[in-house]
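The next block holds one structure in the form of structure tokens; read it before the comments.
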Amino acid sequence: MDSAEREQAVTEGAQAGQVLRRMIALGEQGRAPLRQSAASLQAAQEVSLERAAGVALGRAAERAHRLPVYVESVQYDTISVSELAELLPERALLGVIEGGRDLLGVMALCPSFLAALIEMQALGRVTARAPAPRRPTRTDAAISADFINGLLAELGREFAARADAPPFGHYRYATYLDDPRPLALMLEDTQMTRLSIRFRMGSGGQRDGHILLAVPAPQRPGGATRMLAASPEPVPPAPLPESTLPAPTLADAVLQAPVPVVGVLCRRTLTLRALQALAPGSLVPLPAHALDEARIETANGQLLATGRLGEAEGFHAIRLRTGAARSAGTPPAPGAEPPLADLAEPDPFCPESVSAAPPRQAAH
């Protein structure tokens, strides 16, 4: 190959290299808008996620307790059940929520938000002072149940268009926990979708709040089908109370709290020797009028009502006398004590036989 041919080959190679570089540059220019579009789409999804969570929380808090909230940040990701306990707010009320097909989740309400709900019902406003540390109670759960159901229904509406979102609207409040340790046993060992919302509440945003929601994550098509695949039509969320209806008050929630009562047939005075001689099969004589003077008392011995002991539908029952409800304010009887829970257990501090002792009172 002479020099002319070599120069021609070099020239053709240089031209081909220039063409290739121009093609690469054009390709990069074409992919740049795609990258920008993907980044813009991701940013739009994040903004849409925060907006959807904020709208849902604001509506639920306003309708249930007239509580203004201002969302600051939203986190939406997938975690394991073992990681959940480390992410829960400290001393939070844990509302266990139940969905279709025995699916369980949890919604954690921080103590600050729980105190704000109580203040809105008791005072009509949120104070700036921090709540005293304490364990959540059954009354707290009763106050929060309507809000939990309302927030789940609103999240179901706002997240209905997201393909990766679980059906929040299918879940409803079931019970509560004041200790996170049983959660690992109650929840299935599967991936959980976590929605964490941090916000400020009150008319001036004077208090911080944190709500964490965790439900089983929808399964991907690669493994099992999505959770919604078995449901041909989504279940509509439960209707929320109209804004014209009065909000539930603290008194309404307190009246739903359970109060244990004790049925007392009669009270007998026995000596300590006779009391220790009691054994299975022993007979304890009762007054002739014992069946007609059965008492309904609180655990502390306060008389609530009297009546006659009988039977109804195969169960022992007490027919209350007319006007028995008026005796609810009667103070406890002198010396009345709740039943001894360990009466049937052996007493390791007493010998088998003891001398006679002063009589003591026992409830039967």
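Naming scheme: A, B, ... for chains in displayed order of the structure tokens; residues 1 onward per chain; ligands 1 onward as shown.
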Region 126-206 of chain A: which residues are helix (DSSP H, G or I) by DSSP, as a PyMOL selection string?
-> chain A and resi 138-158+168-170+183-186
Can you write out the residues you just picked, keeping C-alpha atoms, as a short mmCIF file (atom, residue, chain, number, x, y, z; two decimals), in the first residue's frame?
```
data_model
loop_
_atom_site.label_atom_id
_atom_site.label_comp_id
_atom_site.auth_asym_id
_atom_site.auth_seq_id
_atom_site.Cartn_x
_atom_site.Cartn_y
_atom_site.Cartn_z
CA ARG A 138 -58.52 2.11 77.08
CA THR A 139 -60.23 5.50 77.31
CA ASP A 140 -57.53 7.01 75.08
CA ALA A 141 -58.19 4.25 72.55
CA ALA A 142 -61.94 4.94 72.61
CA ILE A 143 -61.28 8.64 71.97
CA SER A 144 -58.92 7.87 69.07
CA ALA A 145 -60.94 5.14 67.32
CA ASP A 146 -63.04 7.52 65.21
CA PHE A 147 -59.96 9.43 64.09
CA ILE A 148 -58.11 6.22 63.14
CA ASN A 149 -61.04 5.02 61.02
CA GLY A 150 -61.43 8.45 59.45
CA LEU A 151 -57.75 8.70 58.54
CA LEU A 152 -57.76 5.22 56.99
CA ALA A 153 -60.80 6.10 54.88
CA GLU A 154 -59.22 9.36 53.70
CA LEU A 155 -55.92 7.63 52.88
CA GLY A 156 -57.86 5.06 50.88
CA ARG A 157 -59.34 7.85 48.76
CA GLU A 158 -56.11 9.81 48.29
CA PHE A 168 -55.73 1.70 53.29
CA GLY A 169 -59.48 2.17 53.01
CA HIS A 170 -60.12 -1.54 53.67
CA LEU A 183 -46.69 -6.75 67.73
CA ALA A 184 -44.03 -9.18 66.50
CA LEU A 185 -46.35 -12.07 67.40
CA MET A 186 -49.56 -10.50 66.06
#
```
Please identify which residues in region 68-243 of chain A DSSP calls strand (DSSP E or B) from the backbone, and express them as JSON, numbers by chain.
-> {"A": [69, 70, 71, 72, 73, 74, 75, 76, 77, 78, 79, 93, 94, 95, 96, 97, 98, 104, 105, 106, 107, 108, 109, 172, 173, 174, 175, 176, 177, 192, 193, 194, 195, 196, 197, 198, 199, 200, 201, 207, 208, 209, 210, 211, 212, 213, 214, 215, 216]}
Give me the residues within 10 Å of Pro285 (chain A) as a list in words, counting only C-alpha atoms and dropping any in the same chain fewer than 3 places off.
-> Arg268, Ser282 and Ala288 of chain A
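The nearest approach to Leu104 (chain A) among the residues A:Leu303, A:Ala312, A:Ala122, A:Ala174, with only C-alpha atoms taken into account, belongs to A:Ala174.
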Within 9 Å of region 44-63 of chain A, which residues of region 158-197 of chain A show up? Give each one with its shortest atom-to-atom distance in Å (one decimal) and the two atoms involved, counting only C-alpha atoms, rows by chain then rising residue number, as CSV.
```
residue,atom,partner,partner_atom,distance
A:Glu158,CA,A:Ala52,CA,5.4
A:Phe159,CA,A:Ala52,CA,7.0
A:Leu195,CA,A:Ala53,CA,8.7
A:Ile197,CA,A:Ala53,CA,7.6
```
Expressed in Å, the length from CA of Tyr70 (chain A) to CA of Cys110 (chain A) is 15.6 Å
Do a neighbour search on Gly307 (chain A) at 6 Å with only C-alpha atoms, toss out local chain neighbours closer than 6 positions, and write the hits as an MDAnalysis selection string.
-> chainID A and resid 293:294 318:321
Among the residues A:Gln219, A:Ser80, A:Thr137, A:Thr271, the one that comes closest to Gly95 (chain A) [using only C-alpha atoms] | A:Thr137
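Coordinates place CA of Ala299 (chain A) at a distance of 29.3 Å from CA of Ala92 (chain A).
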Distance query Ala115 (chain A) at most 10 Å, only C-alpha atoms, self and fewer than 5 positions along chain excluded, as a ChimeraX atom specification | /A:109-110,120,126-127,130-132,140
Selection from above, N, CA and C atoms, as a JSON list (two decimals), in the first residue's frame, can you write it?
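Once written, part-v2.json looks like this:
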```
[["chain", "number", "residue", "atom", "x", "y", "z"],
["A", 109, "LEU", "N", -50.00, 6.47, 67.37],
["A", 109, "LEU", "CA", -50.24, 7.89, 67.63],
["A", 109, "LEU", "C", -49.33, 8.32, 68.77],
["A", 110, "CYS", "N", -48.51, 9.33, 68.54],
["A", 110, "CYS", "CA", -47.56, 9.78, 69.55],
["A", 110, "CYS", "C", -48.32, 10.41, 70.73],
["A", 120, "MET", "N", -58.70, 18.98, 72.64],
["A", 120, "MET", "CA", -59.71, 19.53, 71.74],
["A", 120, "MET", "C", -61.11, 19.18, 72.23],
["A", 126, "VAL", "N", -55.66, 23.48, 71.54],
["A", 126, "VAL", "CA", -54.43, 22.76, 71.87],
["A", 126, "VAL", "C", -53.51, 23.69, 72.64],
["A", 127, "THR", "N", -53.07, 23.26, 73.80],
["A", 127, "THR", "CA", -52.16, 24.06, 74.61],
["A", 127, "THR", "C", -50.71, 23.83, 74.17],
["A", 130, "ALA", "N", -46.14, 20.56, 77.19],
["A", 130, "ALA", "CA", -45.90, 19.17, 76.81],
["A", 130, "ALA", "C", -46.73, 18.24, 77.70],
["A", 131, "PRO", "N", -47.27, 17.16, 77.14],
["A", 131, "PRO", "CA", -48.06, 16.24, 77.95],
["A", 131, "PRO", "C", -47.19, 15.46, 78.93],
["A", 132, "ALA", "N", -47.77, 15.11, 80.07],
["A", 132, "ALA", "CA", -47.04, 14.32, 81.06],
["A", 132, "ALA", "C", -46.84, 12.90, 80.54],
["A", 140, "ASP", "N", -58.24, 6.36, 76.18],
["A", 140, "ASP", "CA", -57.53, 7.01, 75.08],
["A", 140, "ASP", "C", -57.84, 6.32, 73.75]]
```
Name the residues in contact with His289 (chain A) at a cut-off of 10 Å, using only C-alpha atoms, excluding same-chain residues fewer than 6 positions from it; report them as a list in words.
-> Leu265, Cys266 and Arg308 of chain A
Those same residues, written as a CSV table (one decimal), in the first residue's frame with N, CA and C atoms?
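Now in result_9.csv:
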```
chain,number,residue,atom,x,y,z
A,265,LEU,N,-74.0,-12.6,96.9
A,265,LEU,CA,-75.2,-13.3,97.3
A,265,LEU,C,-75.5,-13.0,98.8
A,266,CYS,N,-74.5,-13.1,99.6
A,266,CYS,CA,-74.6,-12.7,101.0
A,266,CYS,C,-73.2,-12.6,101.7
A,308,ARG,N,-83.2,-10.2,93.1
A,308,ARG,CA,-83.4,-11.6,93.5
A,308,ARG,C,-82.6,-12.5,92.5
```
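Each of A:Gln18, A:Ser73, A:Ser112, A:Thr190 was checked against Gly202 (chain A) using only C-alpha atoms; the smallest atom-to-atom distance is that of A:Ser112.
Closest approach to Gly204 (chain A) among A:Arg273, A:Arg125, A:Arg135, A:Arg181: A:Arg125, based on only C-alpha atoms.
With CA of Leu255 (chain A) on one side and CA of Asp208 (chain A) on the other, the separation reads 29.3 Å.
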Check the smallest atom-to-atom distance from each of A:Val261, A:Leu272, A:Val96, A:Leu291 to Asp178 (chain A) using only C-alpha atoms, then report the winner.
-> A:Val96
